[in-house]
file final-v3.cif (mmCIF, C-alpha atoms)
data_entry
#
loop_
_atom_site.label_atom_id
_atom_site.label_comp_id
_atom_site.auth_asym_id
_atom_site.auth_seq_id
_atom_site.Cartn_x
_atom_site.Cartn_y
_atom_site.Cartn_z
CA MET A 1 -9.13 26.34 138.92
CA ARG A 2 -8.81 23.11 136.98
CA LYS A 3 -5.86 24.48 134.99
CA ARG A 4 -4.12 25.53 138.20
CA LYS A 5 -4.63 22.05 139.66
CA THR A 6 -3.20 20.48 136.50
CA ASN A 7 -0.13 22.75 136.66
CA ILE A 8 0.46 21.79 140.30
CA LEU A 9 0.25 18.09 139.42
CA TRP A 10 2.79 18.61 136.61
CA MET A 11 5.14 20.37 139.03
CA VAL A 12 4.87 17.52 141.54
CA LEU A 13 5.48 14.97 138.79
CA ASP A 14 8.53 16.91 137.57
CA LEU A 15 9.98 17.02 141.09
CA ILE A 16 9.78 13.26 141.66
CA PHE A 17 12.97 12.48 139.72
CA LEU A 18 14.94 15.26 141.40
CA ILE A 19 13.86 14.11 144.87
CA VAL A 20 14.58 10.43 144.20
CA PHE A 21 17.92 11.13 142.50
CA ASN A 22 19.17 13.40 145.28
CA VAL A 23 18.03 11.01 148.03
CA LEU A 24 19.89 8.13 146.34
CA PHE A 25 22.97 10.23 145.59
CA PHE A 26 23.50 11.66 149.07
CA SER A 27 22.41 8.56 150.98
CA MET A 28 24.76 6.30 149.00
CA ALA A 29 27.67 8.63 148.24
CA GLY A 30 27.50 11.07 151.13
CA TRP A 31 27.96 14.81 151.15
CA THR A 32 31.73 15.22 151.13
CA GLY A 33 34.87 13.81 149.59
CA HIS A 34 33.70 13.82 145.97
CA PRO A 35 36.13 14.82 143.19
CA ALA A 36 35.22 17.55 140.74
CA SER A 37 34.19 14.97 138.10
CA VAL A 38 31.33 13.83 140.34
CA TRP A 39 30.01 17.35 140.96
CA ILE A 40 30.32 18.18 137.24
CA SER A 41 28.24 15.09 136.40
CA TYR A 42 25.78 15.91 139.20
CA GLY A 43 25.27 19.39 137.76
CA PHE A 44 24.94 18.24 134.14
CA ILE A 45 22.35 15.60 135.07
CA HIS A 46 20.24 18.23 136.81
CA GLY A 47 20.71 20.63 133.89
CA ALA A 48 19.66 17.96 131.39
CA TYR A 49 16.53 17.24 133.40
CA VAL A 50 15.62 20.93 133.59
CA LEU A 51 16.08 21.24 129.81
CA PHE A 52 13.98 18.11 129.31
CA ILE A 53 11.15 19.80 131.25
CA LEU A 54 11.51 23.31 129.83
CA THR A 55 12.18 22.65 126.12
CA PRO A 56 8.57 21.83 125.11
CA ILE A 57 7.25 24.65 127.32
CA LEU A 58 9.57 27.30 125.87
CA VAL A 59 9.22 26.26 122.23
CA THR A 60 5.60 25.06 121.91
CA GLY A 61 3.98 27.11 124.66
CA GLY A 62 3.30 24.50 127.31
CA LYS A 63 2.74 20.88 128.25
CA GLY A 64 0.06 18.99 126.43
CA GLN A 65 0.74 20.78 123.15
CA ASP A 66 -0.49 18.58 120.31
CA GLY A 67 1.19 18.08 117.00
CA GLY A 68 4.37 16.61 115.57
CA GLN A 69 6.55 19.44 116.79
CA GLY A 70 5.76 18.75 120.45
CA TYR A 71 6.43 15.03 120.09
CA SER A 72 9.73 15.66 118.29
CA LEU A 73 10.87 18.07 120.99
CA TYR A 74 10.00 15.56 123.69
CA THR A 75 12.00 12.95 121.77
CA ILE A 76 15.05 15.22 121.53
CA GLY A 77 14.81 16.26 125.18
CA THR A 78 14.23 12.70 126.38
CA ALA A 79 17.14 11.31 124.34
CA TYR A 80 19.54 13.95 125.68
CA PHE A 81 18.41 13.47 129.27
CA MET A 82 18.70 9.67 129.13
CA ILE A 83 22.15 9.75 127.50
CA GLU A 84 23.34 12.40 129.96
CA LEU A 85 21.93 10.40 132.89
CA VAL A 86 23.87 7.31 131.81
CA ALA A 87 27.08 9.25 131.12
CA GLY A 88 26.80 11.22 134.36
CA ALA A 89 26.03 8.09 136.39
CA ILE A 90 29.14 6.39 134.99
CA PHE A 91 31.36 9.27 136.04
CA ILE A 92 29.68 9.39 139.47
CA LEU A 93 30.26 5.67 139.99
CA LEU A 94 33.85 5.76 138.74
CA HIS A 95 34.53 9.18 140.37
CA PRO A 96 37.83 9.75 138.52
CA ALA A 97 40.22 12.28 140.01
CA ASP A 98 40.73 13.97 136.64
CA TRP A 99 37.68 16.08 135.87
CA LYS A 100 38.53 17.00 132.26
CA ALA A 101 37.02 13.91 130.61
CA ALA A 102 33.74 14.35 132.49
CA LEU A 103 33.51 18.01 131.49
CA ILE A 104 34.46 17.53 127.83
CA ILE A 105 32.15 14.56 127.21
CA GLN A 106 29.14 16.21 128.82
CA ILE A 107 29.74 19.53 127.06
CA VAL A 108 29.82 17.62 123.76
CA LEU A 109 26.50 15.93 124.66
CA LEU A 110 24.99 19.34 125.47
CA ALA A 111 26.27 20.77 122.17
CA VAL A 112 24.74 17.86 120.20
CA TYR A 113 21.43 18.41 122.00
CA ALA A 114 21.51 22.17 121.29
CA PHE A 115 22.30 21.56 117.60
CA ALA A 116 19.46 19.02 117.25
CA LEU A 117 17.02 21.32 119.03
CA LEU A 118 17.89 24.43 117.01
CA SER A 119 17.90 22.53 113.71
CA HIS A 120 14.47 21.09 114.43
CA THR A 121 13.09 24.44 115.57
CA LEU A 122 14.36 26.29 112.48
CA SER A 123 13.00 23.58 110.20
CA ASP A 124 9.61 23.77 111.92
CA GLU A 125 9.48 27.56 111.66
CA LYS A 126 10.14 27.36 107.92
CA ALA A 127 7.38 24.77 107.55
CA VAL A 128 4.92 26.93 109.51
CA ALA A 129 5.81 30.01 107.46
CA ARG A 130 5.35 28.05 104.22
CA GLU A 131 1.95 26.73 105.35
CA LYS A 132 0.91 30.28 106.25
CA ARG A 133 1.91 31.57 102.80
CA ILE A 134 0.02 28.75 101.08
CA TRP A 135 -3.06 29.47 103.23
CA GLN A 136 -2.87 33.16 102.33
CA GLU A 137 -2.61 32.29 98.64
CA GLN A 138 -5.58 29.93 98.88
CA GLN A 139 -7.58 32.69 100.57
CA PHE A 140 -6.82 35.04 97.70
CA VAL A 141 -7.91 32.48 95.10
CA LYS A 142 -11.05 31.58 97.05
CA THR A 143 -12.04 35.22 97.59
CA ALA A 144 -11.36 36.31 94.02
CA VAL A 145 -13.11 33.34 92.39
CA THR A 146 -16.14 33.62 94.69
CA ARG A 147 -16.58 37.31 93.89
CA LEU A 148 -16.07 36.82 90.13
CA GLU A 149 -18.48 33.90 89.94
CA GLY A 150 -21.02 35.79 92.06
CA MET A 151 -21.06 38.63 89.52
CA GLN A 152 -21.85 36.17 86.72
CA ALA A 153 -25.14 35.00 88.23
CA GLY A 154 -28.05 36.27 86.17
CA LEU A 155 -25.81 38.58 84.12
CA PRO A 156 -27.55 39.42 80.81
CA ASP A 157 -24.46 40.86 79.10
CA LYS A 158 -22.94 37.79 77.42
CA GLU A 159 -19.68 39.52 76.53
CA LEU A 160 -19.13 40.70 80.10
CA LYS A 161 -20.11 37.29 81.44
CA LYS A 162 -17.56 35.66 79.14
CA LEU A 163 -14.86 38.05 80.35
CA LEU A 164 -15.70 37.26 83.98
CA GLU A 165 -15.57 33.52 83.27
CA ARG A 166 -12.12 33.94 81.71
CA ALA A 167 -11.04 36.02 84.69
CA SER A 168 -12.29 33.38 87.11
CA GLN A 169 -10.38 30.63 85.29
CA ALA A 170 -7.23 32.71 85.05
CA VAL A 171 -7.05 33.34 88.79
CA LYS A 172 -7.44 29.70 89.84
CA LYS A 173 -3.81 28.81 89.25
CA SER A 174 -2.22 28.90 92.71
CA PRO A 175 1.52 28.74 93.46
CA GLU A 176 3.02 26.60 96.19
CA GLU A 177 4.70 29.68 97.62
CA MET A 178 4.32 33.42 97.30
CA ASN A 179 6.62 36.39 97.07
CA PRO A 180 6.02 40.09 97.83
CA GLN A 181 5.74 40.99 94.13
CA ILE A 182 2.86 38.56 93.60
CA GLN A 183 1.17 39.65 96.84
CA ILE A 184 1.18 43.29 95.74
CA LEU A 185 -0.29 42.34 92.37
CA GLU A 186 -2.99 40.22 93.98
CA SER A 187 -4.01 43.11 96.24
CA GLY A 188 -4.43 45.18 93.09
CA MET A 189 -6.48 42.39 91.51
CA LEU A 190 -8.90 42.36 94.44
CA TYR A 191 -9.25 46.11 94.13
CA GLN A 192 -9.90 45.69 90.41
CA ILE A 193 -12.71 43.23 91.13
CA GLY A 194 -14.25 45.99 93.22
CA ALA A 195 -13.94 48.34 90.24
CA ILE A 196 -15.82 45.83 88.06
CA GLN A 197 -18.57 45.54 90.68
CA ARG A 198 -18.90 49.31 91.00
CA ALA A 199 -19.26 49.67 87.23
CA MET A 200 -21.92 46.92 87.17
CA PHE A 201 -23.87 48.53 90.01
CA SER A 202 -23.78 51.81 88.09
CA GLN A 203 -25.09 49.88 85.04
CA GLU A 204 -22.12 51.02 83.00
CA GLU A 205 -21.63 47.81 81.02
CA GLY A 206 -18.99 49.27 78.75
CA SER A 207 -17.01 50.46 81.74
CA ALA A 208 -17.42 47.06 83.47
CA GLU A 209 -16.02 45.31 80.39
CA LYS A 210 -13.08 47.70 80.36
CA GLU A 211 -12.35 46.99 84.04
CA ALA A 212 -12.69 43.25 83.42
CA LYS A 213 -10.12 43.42 80.61
CA ILE A 214 -7.74 45.25 82.93
CA PHE A 215 -8.24 42.46 85.47
CA LEU A 216 -7.45 39.85 82.81
CA ARG A 217 -4.19 41.61 81.98
CA MET A 218 -3.33 41.61 85.67
CA ALA A 219 -4.15 37.89 85.87
CA GLN A 220 -1.90 37.24 82.86
CA GLU A 221 0.91 39.15 84.57
CA ARG A 222 0.38 37.04 87.67
CA GLU A 223 0.66 33.86 85.58
CA ARG A 224 3.82 35.21 83.97
CA LEU A 225 5.37 35.85 87.37
CA LEU A 226 4.42 32.38 88.57
CA ASP A 227 5.90 30.76 85.44
CA LYS A 228 9.06 32.84 85.83
CA LYS A 229 9.29 31.75 89.45
CA ASP A 230 9.02 28.07 88.52
#
call {"tool": "encode", "arguments": {"input": "final-v3.cif", "output": "structure tokens"}}
result
Amino acid sequence: MRKRKTNILWMVLDLIFLIVFNVLFFSMAGWTGHPASVWISYGFIHGAYVLFILTPILVTGGKGQDGGQGYSLYTIGTAYFMIELVAGAIFILLHPADWKAALIIQIVLLAVYAFALLSHTLSDEKAVAREKRIWQEQQFVKTAVTRLEGMQAGLPDKELKKLLERASQAVKKSPEEMNPQIQILESGMLYQIGAIQRAMFSQEEGSAEKEAKIFLRMAQERERLLDKKD
């Protein structure tokens, strides 16, 4: 109920400009006798206002979205609307008979707005994807280290404990970005940790050491891939 009320208030607020603008336009300029340049400017002003309202909703999912992306989109939309309002108002006041200048200038303004919006959106999507990859990598490191260190607690076999400590240290190096090859290897490393645990639970210390050495070789391969990537 509260959300519905908020949406209605936003709609009323959005309509205020359109109502005021149209009342001023038709009361001062009348309904007829306008050249094409005036109607072109009238249409572009309304279009700019609609884009100003819809851009944050379409790209960020709604009004009130927090974060830098929302503010940047509002800035782009506001700048385009204000510039278009000034340009359109000038053409309405001058009402030139030739409509070409009005159309060309306002199409250029729309193209600049579209370029700025798309550039910002693509840049933001890349940043979000990069943050997601880094988070996934951090989750791998956290999970692997936690499991390896957990197996070391109270472990009487000093050789196996030493291998697990080396494995834990080897896996802590985290890249800034990932690639599919490293992801596949890391999935195998998590499976290998499970193999070490199964051997320990079966009290097969020799087998656990063998599995731990395999894990170390996988960790070394991961480091090699990360160094190659850098």
call {"tool": "closest_residue", "arguments": {"input": "final-v3.cif", "among": "A:Ala167, A:Ala111, A:Val12, A:Leu148", "to": "Leu216 of chain A", "atoms": "only C-alpha atoms"}}
result
A:Ala167
call {"tool": "residues_around", "arguments": {"input": "final-v3.cif", "residues": "segment 93-103 of chain A", "least_positions_apart": "4", "cutoff": "12 Å", "atoms": "only C-alpha atoms", "output": "ChimeraX atom specification"}}
result
/A:25,28-29,33-45,84-89,107-110
call {"tool": "write_last_selection", "arguments": {"input": "final-v3.cif", "atoms": "C-alpha atoms", "output": "CSV table (one decimal), keeping the file's coordinate frame"}}
result
chain,number,residue,atom,x,y,z
A,25,PHE,CA,23.0,10.2,145.6
A,28,MET,CA,24.8,6.3,149.0
A,29,ALA,CA,27.7,8.6,148.2
A,33,GLY,CA,34.9,13.8,149.6
A,34,HIS,CA,33.7,13.8,146.0
A,35,PRO,CA,36.1,14.8,143.2
A,36,ALA,CA,35.2,17.6,140.7
A,37,SER,CA,34.2,15.0,138.1
A,38,VAL,CA,31.3,13.8,140.3
A,39,TRP,CA,30.0,17.4,141.0
A,40,ILE,CA,30.3,18.2,137.2
A,41,SER,CA,28.2,15.1,136.4
A,42,TYR,CA,25.8,15.9,139.2
A,43,GLY,CA,25.3,19.4,137.8
A,44,PHE,CA,24.9,18.2,134.1
A,45,ILE,CA,22.4,15.6,135.1
A,84,GLU,CA,23.3,12.4,130.0
A,85,LEU,CA,21.9,10.4,132.9
A,86,VAL,CA,23.9,7.3,131.8
A,87,ALA,CA,27.1,9.2,131.1
A,88,GLY,CA,26.8,11.2,134.4
A,89,ALA,CA,26.0,8.1,136.4
A,107,ILE,CA,29.7,19.5,127.1
A,108,VAL,CA,29.8,17.6,123.8
A,109,LEU,CA,26.5,15.9,124.7
A,110,LEU,CA,25.0,19.3,125.5
call {"tool": "residues_around", "arguments": {"input": "final-v3.cif", "residues": "segment 218-229 of chain A", "least_positions_apart": "5", "cutoff": "7 Å", "atoms": "only C-alpha atoms", "output": "list of chain:residue names"}}
result
A:Ala170, A:Val171, A:Pro175, A:Ile182, A:Met189
call {"tool": "atom_distance", "arguments": {"input": "final-v3.cif", "atom1": "atom CA of Gln152 of chain A", "atom2": "atom CA of Arg198 of chain A"}}
result
14.1 Å
call {"tool": "resolve_selection", "arguments": {"input": "final-v3.cif", "expression": "the PyMOL selection byres ((chain A and resi 211) around 9)", "output": "PyMOL selection string"}}
result
chain A and resi 192-193+195-196+199+206-210+212-216
call {"tool": "closest_residue", "arguments": {"input": "final-v3.cif", "among": "A:Val128, A:Leu163, A:Met82, A:Leu18", "to": "Met151 of chain A", "atoms": "only C-alpha atoms"}}
result
A:Leu163
call {"tool": "closest_residue", "arguments": {"input": "final-v3.cif", "among": "A:Leu15, A:Ile105, A:Ala48, A:Ile92", "to": "Thr78 of chain A", "atoms": "only C-alpha atoms"}}
result
A:Ala48
call {"tool": "resolve_selection", "arguments": {"input": "final-v3.cif", "expression": "the PyMOL selection byres ((chain A and resi 139-142) around 8)", "output": "list in words"}}
result
Trp135, Gln136, Glu137, Gln138, Thr143, Ala144, Val145, Thr146, Val171, Lys172, Ser174 and Glu186 of chain A
call {"tool": "decode", "arguments": {"input": "final-v3.cif", "residues": "segment 108-153 of chain A", "atoms": "N, CA and C atoms", "output": "CSV table (one decimal), in the first residue's frame"}}
result
chain,number,residue,atom,x,y,z
A,108,VAL,N,21.0,16.3,-33.0
A,108,VAL,CA,22.4,16.3,-32.5
A,108,VAL,C,22.4,16.2,-31.0
A,109,LEU,N,21.6,17.0,-30.3
A,109,LEU,CA,21.5,16.9,-28.9
A,109,LEU,C,21.1,15.5,-28.4
A,110,LEU,N,20.1,15.0,-29.1
A,110,LEU,CA,19.6,13.6,-28.7
A,110,LEU,C,20.7,12.6,-28.9
A,111,ALA,N,21.5,12.7,-30.0
A,111,ALA,CA,22.5,11.8,-30.3
A,111,ALA,C,23.6,11.9,-29.2
A,112,VAL,N,24.0,13.1,-28.8
A,112,VAL,CA,25.0,13.3,-27.7
A,112,VAL,C,24.5,12.6,-26.5
A,113,TYR,N,23.2,12.8,-26.1
A,113,TYR,CA,22.6,12.2,-24.9
A,113,TYR,C,22.7,10.7,-25.0
A,114,ALA,N,22.3,10.1,-26.2
A,114,ALA,CA,22.3,8.7,-26.3
A,114,ALA,C,23.7,8.1,-26.2
A,115,PHE,N,24.7,8.8,-26.8
A,115,PHE,CA,26.1,8.4,-26.7
A,115,PHE,C,26.6,8.4,-25.3
A,116,ALA,N,26.3,9.5,-24.5
A,116,ALA,CA,26.7,9.6,-23.1
A,116,ALA,C,26.1,8.5,-22.3
A,117,LEU,N,24.8,8.2,-22.5
A,117,LEU,CA,24.1,7.2,-21.8
A,117,LEU,C,24.6,5.8,-22.0
A,118,LEU,N,24.8,5.5,-23.3
A,118,LEU,CA,25.3,4.1,-23.6
A,118,LEU,C,26.7,3.9,-23.2
A,119,SER,N,27.5,4.9,-23.3
A,119,SER,CA,28.9,4.8,-22.8
A,119,SER,C,29.0,4.6,-21.3
A,120,HIS,N,28.2,5.3,-20.6
A,120,HIS,CA,28.1,5.2,-19.1
A,120,HIS,C,27.6,3.8,-18.8
A,121,THR,N,26.5,3.4,-19.4
A,121,THR,CA,25.9,2.1,-19.1
A,121,THR,C,26.9,0.9,-19.4
A,122,LEU,N,27.6,1.0,-20.5
A,122,LEU,CA,28.6,-0.1,-20.9
A,122,LEU,C,29.7,-0.1,-19.9
A,123,SER,N,30.2,1.1,-19.5
A,123,SER,CA,31.3,1.2,-18.5
A,123,SER,C,30.8,0.6,-17.2
A,124,ASP,N,29.6,0.9,-16.8
A,124,ASP,CA,29.1,0.4,-15.5
A,124,ASP,C,28.9,-1.1,-15.5
A,125,GLU,N,28.5,-1.7,-16.6
A,125,GLU,CA,28.3,-3.1,-16.7
A,125,GLU,C,29.6,-3.8,-16.6
A,126,LYS,N,30.7,-3.2,-17.2
A,126,LYS,CA,32.0,-3.8,-17.1
A,126,LYS,C,32.5,-3.8,-15.7
A,127,ALA,N,32.2,-2.7,-15.0
A,127,ALA,CA,32.7,-2.6,-13.6
A,127,ALA,C,31.9,-3.6,-12.7
A,128,VAL,N,30.6,-3.8,-13.0
A,128,VAL,CA,29.9,-4.7,-12.2
A,128,VAL,C,30.4,-6.1,-12.4
A,129,ALA,N,30.6,-6.5,-13.7
A,129,ALA,CA,31.1,-7.8,-14.1
A,129,ALA,C,32.5,-8.1,-13.4
A,130,ARG,N,33.3,-7.0,-13.4
A,130,ARG,CA,34.7,-7.2,-12.8
A,130,ARG,C,34.5,-7.4,-11.3
A,131,GLU,N,33.7,-6.6,-10.6
A,131,GLU,CA,33.5,-6.8,-9.2
A,131,GLU,C,32.9,-8.2,-8.9
A,132,LYS,N,32.0,-8.7,-9.8
A,132,LYS,CA,31.5,-10.0,-9.5
A,132,LYS,C,32.6,-11.1,-9.7
A,133,ARG,N,33.5,-10.9,-10.7
A,133,ARG,CA,34.6,-11.9,-10.8
A,133,ARG,C,35.5,-11.9,-9.6
A,134,ILE,N,35.8,-10.7,-9.1
A,134,ILE,CA,36.7,-10.5,-8.0
A,134,ILE,C,36.0,-11.2,-6.7
A,135,TRP,N,34.7,-11.0,-6.6
A,135,TRP,CA,34.0,-11.6,-5.5
A,135,TRP,C,34.1,-13.1,-5.5
A,136,GLN,N,33.9,-13.6,-6.7
A,136,GLN,CA,33.9,-15.1,-6.9
A,136,GLN,C,35.3,-15.6,-6.6
A,137,GLU,N,36.3,-14.9,-7.0
A,137,GLU,CA,37.7,-15.3,-6.7
A,137,GLU,C,38.0,-15.3,-5.2
A,138,GLN,N,37.5,-14.3,-4.6
A,138,GLN,CA,37.7,-14.1,-3.1
A,138,GLN,C,36.9,-15.3,-2.4
A,139,GLN,N,35.8,-15.7,-2.9
A,139,GLN,CA,35.0,-16.8,-2.3
A,139,GLN,C,35.8,-18.1,-2.4
A,140,PHE,N,36.4,-18.3,-3.6
A,140,PHE,CA,37.2,-19.5,-3.8
A,140,PHE,C,38.4,-19.5,-2.7
A,141,VAL,N,39.1,-18.4,-2.6
A,141,VAL,CA,40.3,-18.3,-1.7
A,141,VAL,C,39.8,-18.6,-0.3
A,142,LYS,N,38.7,-17.9,0.1
A,142,LYS,CA,38.2,-18.0,1.4
A,142,LYS,C,37.8,-19.4,1.8
A,143,THR,N,37.0,-20.1,0.8
A,143,THR,CA,36.5,-21.4,1.0
A,143,THR,C,37.7,-22.4,1.1
A,144,ALA,N,38.6,-22.3,0.2
A,144,ALA,CA,39.8,-23.3,0.1
A,144,ALA,C,40.6,-23.1,1.4
A,145,VAL,N,41.0,-21.9,1.7
A,145,VAL,CA,41.9,-21.7,2.9
A,145,VAL,C,41.2,-22.2,4.2
A,146,THR,N,39.9,-21.8,4.3
A,146,THR,CA,39.2,-22.3,5.5
A,146,THR,C,39.1,-23.8,5.7
A,147,ARG,N,38.9,-24.5,4.6
A,147,ARG,CA,38.9,-25.9,4.6
A,147,ARG,C,40.2,-26.5,4.9
A,148,LEU,N,41.3,-26.0,4.3
A,148,LEU,CA,42.6,-26.5,4.5
A,148,LEU,C,43.1,-26.2,5.9
A,149,GLU,N,42.8,-25.0,6.4
A,149,GLU,CA,43.3,-24.7,7.8
A,149,GLU,C,42.5,-25.5,8.8
A,150,GLY,N,41.2,-25.8,8.5
A,150,GLY,CA,40.4,-26.6,9.4
A,150,GLY,C,40.9,-28.0,9.5
A,151,MET,N,41.5,-28.6,8.4
A,151,MET,CA,42.0,-29.9,8.5
A,151,MET,C,43.3,-30.0,9.3
A,152,GLN,N,44.0,-28.9,9.5
A,152,GLN,CA,45.2,-28.9,10.2
A,152,GLN,C,45.0,-28.9,11.7
A,153,ALA,N,43.9,-28.5,12.2
A,153,ALA,CA,43.6,-28.5,13.7
A,153,ALA,C,43.8,-29.8,14.3
